[in-house]
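This report concerns only the one structure given below.
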Amino acid sequence: MTDEGRRPGGRRSARGIARHGKLRRRRPLATLAGLIGTSAVVAVVSVGSVGAIAARDVKDDITTISLSPSDEGQARSQDINAIKGGANILLIGSDTRVGQRAEEQDADGARNDVTMLVHLSEDHSQVTVVSFPRDAMVPIPSCADPDAGTSSPAESKAMFNSALLRGGPNGGVACVVQTVENLTGLSIPYAGLITFDGVTAMSNALGGVTVCIAKPIHDGSFLNLPAGEVPLQGKEALGFLRTRHGVDDGSDIARISNQQVFLSAMLRKLTSDGALRNPITLYRFAKAATSNMALSEGLNDTRTLVALAAAVRNTDTAHMLLVQYPTDADPEDSNRVVVDQAAAHSLNVALQQDQRTRVASGAIGRGAVQAPSASRAPAAERSADAPSPSSSRAAGQASRSPGTAATPKPTALPSTITGQSAAEQTCSKGTD
């Protein structure tokens, strides 16, 4: 895999392979690093519309991992649709080989190269997906290693993607969850660990995903794509999600927004083609994803998957928000980034208070540009004010709770928080 960027967020990092979580089912999986987490968001929330029987069959493919006792306790004691302030799910994309023999694993261990927090609002009117830059320098708490009976030391400033290494093979996921909980002030009772083979299977299950590319993407022999509307599936889809040098300045920050271009296109295809209501397509898509993931005990539950899918199915793509956790250049290391505390505080409060939000006008990430056909008002703002006829009924149902008034219009996040809605058509910037 190409992962060599040397600008902020772009230094090559040590890689390895490890087992993470309590593995109830051994399944050898290929090791790939990149951003399958984006696609898995859709897979996790889509299982329910297949029906309980199909959901149980899909669930059989999923390995189970454990979180902290407090997080697992919350997941067991509450319905995911009844959590006050909304539900939080952490998705981790890693270069792990879950279930591999010890001699096939690298001693350096696997890292959380992609980490995405999914927040489902309590009234189901909005889904917010927050991507955390892997090269951000953040505080990491002391994490328990359940196998060794020891704990890793807390660090006030460490590389974010090292969190999965801490806590031993069966405590790494819980450590990433605790790190994000400390950063955001949120409780996260659900988590998933995802490998990257699934992106090939998922894109194939959908018949490909068409993305807009503003300028050609050239990343050596790894990936070469022309400008224009380009259908991607299989290895090309995976390559698009993995590329760094093919987009803007080659940094991980640029790659995050490039991945948001793909995810928004996938979400639009799923909803416009009716895949979320097509049992056959959805079943194939869900099977492709779940064969390459491990879920926490609370999330790996048929009732939870069905309830989560039902909640998201009627959410308009204009109210699916994809943002990057805000960062600045690290003054102590030009190859790293640090948290933009002011902007992060605004985002954290919005999530904690379950506020409806939108990205400020023009605040697209550095790896993306507005699509030429989207010269009118940004879709996120236009749809929030006046839903289209085809989606107004579903959006209206999702935005109201019994006996309450309509959900207020979303508030713009600080302009330093970049991203887009899934309805907003953007293009990969490519390279000059």
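Just so we're on the same page: first chain in the structure tokens is A, next is B, and so on; residues restart at 1 for each chain, and ligands are numbered from 1 in the order they show up.
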Using the chain letters and numbers from this document, which residues of range 298-386 of chain A does DSSP assign to alpha helix (DSSP H), as a JSON list (two decimals) with N, CA and C atoms, in the first residue's frame?
[["chain", "number", "residue", "atom", "x", "y", "z"],
["A", 302, "THR", "N", -28.87, -8.56, 16.41],
["A", 302, "THR", "CA", -29.83, -8.41, 15.32],
["A", 302, "THR", "C", -30.80, -7.27, 15.57],
["A", 303, "ARG", "N", -31.33, -7.17, 16.80],
["A", 303, "ARG", "CA", -32.30, -6.12, 17.09],
["A", 303, "ARG", "C", -31.68, -4.74, 16.94],
["A", 304, "THR", "N", -30.42, -4.61, 17.36],
["A", 304, "THR", "CA", -29.75, -3.32, 17.24],
["A", 304, "THR", "C", -29.54, -2.95, 15.78],
["A", 305, "LEU", "N", -29.09, -3.90, 14.97],
["A", 305, "LEU", "CA", -28.86, -3.64, 13.55],
["A", 305, "LEU", "C", -30.16, -3.27, 12.85],
["A", 306, "VAL", "N", -31.24, -4.00, 13.15],
["A", 306, "VAL", "CA", -32.53, -3.71, 12.52],
["A", 306, "VAL", "C", -33.02, -2.33, 12.94],
["A", 307, "ALA", "N", -32.94, -2.01, 14.23],
["A", 307, "ALA", "CA", -33.40, -0.71, 14.72],
["A", 307, "ALA", "C", -32.58, 0.43, 14.13],
["A", 308, "LEU", "N", -31.28, 0.22, 14.02],
["A", 308, "LEU", "CA", -30.40, 1.25, 13.48],
["A", 308, "LEU", "C", -30.72, 1.49, 12.00],
["A", 309, "ALA", "N", -30.94, 0.42, 11.26],
["A", 309, "ALA", "CA", -31.27, 0.57, 9.85],
["A", 309, "ALA", "C", -32.58, 1.30, 9.67],
["A", 310, "ALA", "N", -33.59, 0.94, 10.46],
["A", 310, "ALA", "CA", -34.89, 1.59, 10.35],
["A", 310, "ALA", "C", -34.79, 3.07, 10.64],
["A", 311, "ALA", "N", -33.92, 3.44, 11.58],
["A", 311, "ALA", "CA", -33.77, 4.85, 11.95],
["A", 311, "ALA", "C", -33.12, 5.65, 10.82],
["A", 312, "VAL", "N", -32.14, 5.06, 10.17],
["A", 312, "VAL", "CA", -31.37, 5.79, 9.16],
["A", 312, "VAL", "C", -32.04, 5.76, 7.79],
["A", 313, "ARG", "N", -32.82, 4.75, 7.54],
["A", 313, "ARG", "CA", -33.37, 4.55, 6.19],
["A", 313, "ARG", "C", -34.14, 5.77, 5.69],
["A", 341, "GLN", "N", -8.35, 23.50, 18.96],
["A", 341, "GLN", "CA", -9.15, 23.42, 20.17],
["A", 341, "GLN", "C", -10.46, 24.20, 20.09],
["A", 342, "ALA", "N", -10.44, 25.41, 19.52],
["A", 342, "ALA", "CA", -11.65, 26.23, 19.46],
["A", 342, "ALA", "C", -12.71, 25.57, 18.57],
["A", 343, "ALA", "N", -12.30, 25.15, 17.38],
["A", 343, "ALA", "CA", -13.25, 24.52, 16.47],
["A", 343, "ALA", "C", -13.71, 23.17, 17.00],
["A", 344, "ALA", "N", -12.79, 22.41, 17.60],
["A", 344, "ALA", "CA", -13.15, 21.11, 18.16],
["A", 344, "ALA", "C", -14.16, 21.27, 19.29],
["A", 345, "HIS", "N", -14.00, 22.31, 20.09],
["A", 345, "HIS", "CA", -14.96, 22.55, 21.18],
["A", 345, "HIS", "C", -16.36, 22.78, 20.61],
["A", 346, "SER", "N", -16.46, 23.56, 19.53],
["A", 346, "SER", "CA", -17.76, 23.81, 18.92],
["A", 346, "SER", "C", -18.40, 22.52, 18.41],
["A", 347, "LEU", "N", -17.59, 21.67, 17.77],
["A", 347, "LEU", "CA", -18.11, 20.40, 17.26],
["A", 347, "LEU", "C", -18.49, 19.48, 18.39],
["A", 348, "ASN", "N", -17.64, 19.39, 19.42],
["A", 348, "ASN", "CA", -17.93, 18.53, 20.56],
["A", 348, "ASN", "C", -19.24, 18.92, 21.23],
["A", 349, "VAL", "N", -19.44, 20.22, 21.46],
["A", 349, "VAL", "CA", -20.66, 20.69, 22.11],
["A", 349, "VAL", "C", -21.88, 20.37, 21.25],
["A", 350, "ALA", "N", -21.76, 20.57, 19.94],
["A", 350, "ALA", "CA", -22.89, 20.26, 19.05],
["A", 350, "ALA", "C", -23.27, 18.79, 19.12],
["A", 351, "LEU", "N", -22.27, 17.90, 19.19],
["A", 351, "LEU", "CA", -22.54, 16.47, 19.30],
["A", 351, "LEU", "C", -23.09, 16.11, 20.67],
["A", 352, "GLN", "N", -22.51, 16.68, 21.72],
["A", 352, "GLN", "CA", -22.96, 16.42, 23.08],
["A", 352, "GLN", "C", -24.41, 16.85, 23.28],
["A", 379, "ALA", "N", -26.24, 21.75, -1.71],
["A", 379, "ALA", "CA", -27.38, 20.86, -1.45],
["A", 379, "ALA", "C", -27.75, 20.80, 0.01],
["A", 380, "ALA", "N", -26.75, 20.85, 0.90],
["A", 380, "ALA", "CA", -27.03, 20.74, 2.33],
["A", 380, "ALA", "C", -27.92, 21.88, 2.79],
["A", 381, "GLU", "N", -27.64, 23.12, 2.32],
["A", 381, "GLU", "CA", -28.43, 24.26, 2.74],
["A", 381, "GLU", "C", -29.79, 24.25, 2.04],
["A", 382, "ARG", "N", -29.78, 23.96, 0.72],
["A", 382, "ARG", "CA", -31.01, 23.99, -0.05],
["A", 382, "ARG", "C", -31.99, 22.96, 0.47],
["A", 383, "SER", "N", -31.54, 21.75, 0.70],
["A", 383, "SER", "CA", -32.45, 20.69, 1.14],
["A", 383, "SER", "C", -32.91, 20.89, 2.56],
["A", 384, "ALA", "N", -32.05, 21.47, 3.41],
["A", 384, "ALA", "CA", -32.44, 21.69, 4.80],
["A", 384, "ALA", "C", -33.57, 22.69, 4.88],
["A", 385, "ASP", "N", -33.57, 23.68, 3.97],
["A", 385, "ASP", "CA", -34.62, 24.70, 3.99],
["A", 385, "ASP", "C", -35.87, 24.25, 3.26]]
Based on the backbone DSSP call, show me all residues of range 248-388 of chain A assigned strand (DSSP E or B), as a list in words.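 Those in range 248-388 of chain A that DSSP calls strand (DSSP E or B) are Met293, Ala294, Leu295, Ser296, Met320, Leu321, Leu322, Val323, Gln324, Thr327, Asp328, Ala329, Asp330, Asp333, Ser334, Asn335, Arg336, Val337, Val338, Val339, Thr357, Arg358, Ala368, Val369 and Gln370 of chain A.
Proximity of A:Ala237, A:Ile194, A:Ala265, A:Cys143 to Ser291 in chain A, computed with only C-alpha atoms, is greatest for A:Ile194.
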Using only C-alpha atoms, can you tell me which of A:Ile140, A:Met159, A:Ala191, A:Cys212 comes closest to Asp330 in chain A?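 That would be A:Met159, the residue with the smallest distance to Asp330 in chain A.
Using only C-alpha atoms, the nearest neighbour of Gly192 in chain A within the list A:Gly430, A:Pro153, A:Gly93, A:Gly419 is A:Gly93.
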Distance query range 184-187 of chain A at most 12 Å, only C-alpha atoms, self and fewer than 3 positions along chain excluded, as number ranges by chain: A: 67-68, 70-75, 83-90, 117-119, 130, 132, 138-139, 177-181, 190-191, 325-326, 339, 341, 343-354
If you count only C-alpha atoms, which residues fall within 9 Å of Asp147 in chain A, apart from same-chain ones fewer than 4 positions away, as a ChimeraX atom specification? /A:167-171
Let me see the file: selected residues, N, CA and C atoms, as a PDB file, in the first residue's frame.
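The resulting part.pdb:
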ATOM      1  N   GLY A 167      -3.225  -1.558  24.978  1.00  0.00           N
ATOM      2  CA  GLY A 167      -4.228  -2.436  25.558  1.00  0.00           C
ATOM      3  C   GLY A 167      -4.104  -3.877  25.113  1.00  0.00           C
ATOM      4  N   GLY A 168      -3.065  -4.193  24.354  1.00  0.00           N
ATOM      5  CA  GLY A 168      -2.881  -5.579  23.940  1.00  0.00           C
ATOM      6  C   GLY A 168      -3.845  -5.983  22.840  1.00  0.00           C
ATOM      7  N   PRO A 169      -3.741  -7.221  22.361  1.00  0.00           N
ATOM      8  CA  PRO A 169      -4.579  -7.696  21.249  1.00  0.00           C
ATOM      9  C   PRO A 169      -6.069  -7.580  21.509  1.00  0.00           C
ATOM     10  N   ASN A 170      -6.494  -7.722  22.772  1.00  0.00           N
ATOM     11  CA  ASN A 170      -7.924  -7.705  23.069  1.00  0.00           C
ATOM     12  C   ASN A 170      -8.393  -6.417  23.733  1.00  0.00           C
ATOM     13  N   GLY A 171      -7.526  -5.410  23.822  1.00  0.00           N
ATOM     14  CA  GLY A 171      -7.934  -4.144  24.423  1.00  0.00           C
ATOM     15  C   GLY A 171      -7.734  -2.955  23.520  1.00  0.00           C
TER      16      GLY A 171
END
Between A:Arg255, A:Ser203, A:Leu120, A:Gly228, which residue has the minimum interatomic distance to His319 in chain A, considering only C-alpha atoms? A:Leu120
